[in-house]
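Beneath this line is the structure, given in structure tokens, with notes to follow.
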Amino acid sequence: MKRLSALCLTSLLFVISTVAFAAEPIDIGSRLELMVDDTLIESRSEDARFLLHHPTPREIVFNYDKPWEGTGCGYQSIFQDGDLYRMYYKAWQLDVQQGKLGPNNSNFTCYAESKDGIRWKRPDLGLFAFPKGGSKDNNIVIGLDRRDWMGDAKPDPVHPAVFKDENPACPADAKYKAILRSRGPRGLLVLKSADGIHWSLMSDKPVITDGAFDSQNLAFWDPTIKKYRAYWRYFTAGTINDEVWKPAGNRDIRTATSDDLLTWSKPQDLKYGDAPPEQLYTNQIKPYYRAPHILVGFPTRYIERGWSKSMEALPEVEHRKKRSSISDRYGMAITEGLFMTSRDGVNFKRWQEAFLRPGIERQGTWAYGHQYIAWQMVETKSETEGAPSELSLYATEGYWTGKSNELRRYTMRIDGFVSINAPLKGGEIITKPITFTGKELKLNFSSSAAGGITVELQTPDGKPIPGFTAEDCTELFGDTIARPVHWKQGTDVSQLAGKPVRLKIKLKDADLYSFKFE
């Protein structure tokens, strides 16, 4: 293949290095960049738009039908740990009677595991008796009938968030961490474990106290800032303390950072740009495993639609009315999953349209507690022979309804949350000046048979770089998660590494999900 002459290359690099531009280039190195926001985009044509994609419903993977579980199971923490997939969840019985809640004999954190993220089993852990004084042949991993491990603390096992600590300095006896709400004094407790099964408190007092915490509250190690982050529930108005519970305003999300999970920075309230204030029941935030500089969240939108003919037409109306006899919102509230991302942990781009709608009306749907997305996603083998792996997400069904409480799996393509999309007549985006490291530019994209993508590399002032122009680019078409961009001279872009460039990407009947220099 022909290459630029030494003289031409020298002149080119001189031009790139000396041209003036308004802002310093963004150094993306060789990291993956998702098309989820406009951080890297300088301009885009009218026909190039951000398109939110939606997961595909798959099978029911878990039925909460054991005596120690119940109708209110949820708040799942799901992650891959080597060859094993782990799931932690709350076991909670919500028995609805006319005008009141029935007795609750279930108040635990339980554990399940899987080899593929699809077929799950409950190991007999032998830790806690159910019922009290009964058998320990169950998968209860945190409960209240044993005081030796918790001392005087009062953890609430139905508000668990469990994670594997990725801090390189994490000691072996604290490889796994759990965040639980304290029953008093108000706040969040931190637990540690060497094996994810046997737990002890890191502190017998709450480590975060400024909030409401009546949701799944979570924390994790952020490798980008090399600190722990926490996200938890608060209300935007009202009074909440150990003596008074009078929340008002919206359910929302608060955050802080820490070096050790015990001492935390001053809390900050999340901001959502131009997205309107909404009731956000959970947050489900974590670094995206392929691009950890981007935090991905799946908060639950909680909306009270009021009673109407449409509300009465939704599934299981009699059970809905019974729930409303306790509190009207129990019967008329509806929940669904949203999608949001952030690069600094405080300012989020939150999509106003639903990411995971309640879906076709059927038993156990369109209710309070439906479509709570588990924290968080895992990569699983595709059911389509020969296809690459895909992302699996999980969401609750039948929560507190007349149907059994279940967990459904959903799938989507890797990096496939949002794309830059254009119709067949075409559209284009131009990035801000960036610098990169690597030898090839690879795209995660999908096109029609008639569509495709071309990429032109430009100087910071918008001049096409010889050898890397749109005319030199071989149009990419197909559907793949990683294909190198070809120009007439080949795929090697290493001669431009470290120099500020722009990408001009033209699309027609195609979606671009992510790109990476590697």
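Quick note on naming: the chains in the structure tokens go A, B, ... in the order shown, residues restart at 1 in each chain, and ligands are numbered from 1 in order of appearance.
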- Task: Enumerate the residues of stretch 27-128 of chain A with a DSSP assignment of strand (DSSP E), computed from the backbone, and present them as a VMD selection string.
- Result: chain A and resid 27 to 29 33 to 34 41 to 44 49 to 52 56 to 63 74 to 81 84 to 92 96 to 97 100 to 101 107 to 114 120 to 121
- Item | Residue nearest A:Ile294 among A:Asp274, A:Glu24, A:Asp415, A:Asp328 (counting only C-alpha atoms) |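 Smallest distance to A:Ile294 is found for A:Asp415.
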- Query: With only C-alpha atoms as the atoms that count, which of A:Pro267, A:Pro206, A:Gly359, A:Gly478 lies nearest to A:Pro315?
  - Reply: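 Result for the nearest residue to A:Pro315: A:Gly359.
Shortest atom-to-atom contact with A:Arg502 among A:Leu40, A:Leu32, A:Ile208, A:Ile334: A:Leu40, counting only C-alpha atoms.
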- Using only C-alpha atoms, which residues sit within 9 Å of stretch 484-492 of chain A once same-chain residues fewer than 5 positions away are excluded, as a PyMOL selection string? chain A and resi 1-4+438-443+454-455+467-476
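Going from atom CA of A:Ser30 over to atom CA of A:Gln495, you cover 14.6 Å.
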- What is the distance between atom CA of A:Phe445 and atom CA of A:Asp509, in Å to one decimal?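 A separation of 10.9 Å between them.
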Near stretch 54-61 of chain A, 12 Å: stretch 94-118 of chain A residue rows, closest pairs, only C-alpha atoms, as a tab-separated table:
residue	atom	partner	partner_atom	distance
A:Ala112	CA	A:Val61	CA	11.4
A:Glu113	CA	A:Val61	CA	11.6
A:Ser114	CA	A:Val61	CA	10.4
A:Asp116	CA	A:Val61	CA	11.1
A:Gly117	CA	A:Val61	CA	8.7
A:Ile118	CA	A:Val61	CA	5.9
Please identify every residue of stretch 279-345 of chain A that has at least one atom no farther than 9 Å from an atom of stretch 250-261 of chain A, counting only C-alpha atoms, and for each give the shortest atom pair and the distance in Å to one decimal, arranged by chain then increasing number, as JSON lines.
{"residue": "A:Gln279", "atom": "CA", "partner": "A:Arg251", "partner_atom": "CA", "distance": 4.9}
{"residue": "A:Leu280", "atom": "CA", "partner": "A:Asp252", "partner_atom": "CA", "distance": 5.3}
{"residue": "A:Tyr281", "atom": "CA", "partner": "A:Arg251", "partner_atom": "CA", "distance": 6.2}
{"residue": "A:Thr282", "atom": "CA", "partner": "A:Ile253", "partner_atom": "CA", "distance": 8.0}
{"residue": "A:Asn283", "atom": "CA", "partner": "A:Ile253", "partner_atom": "CA", "distance": 7.0}
{"residue": "A:Tyr302", "atom": "CA", "partner": "A:Arg251", "partner_atom": "CA", "distance": 8.7}
{"residue": "A:Gly345", "atom": "CA", "partner": "A:Thr255", "partner_atom": "CA", "distance": 7.9}
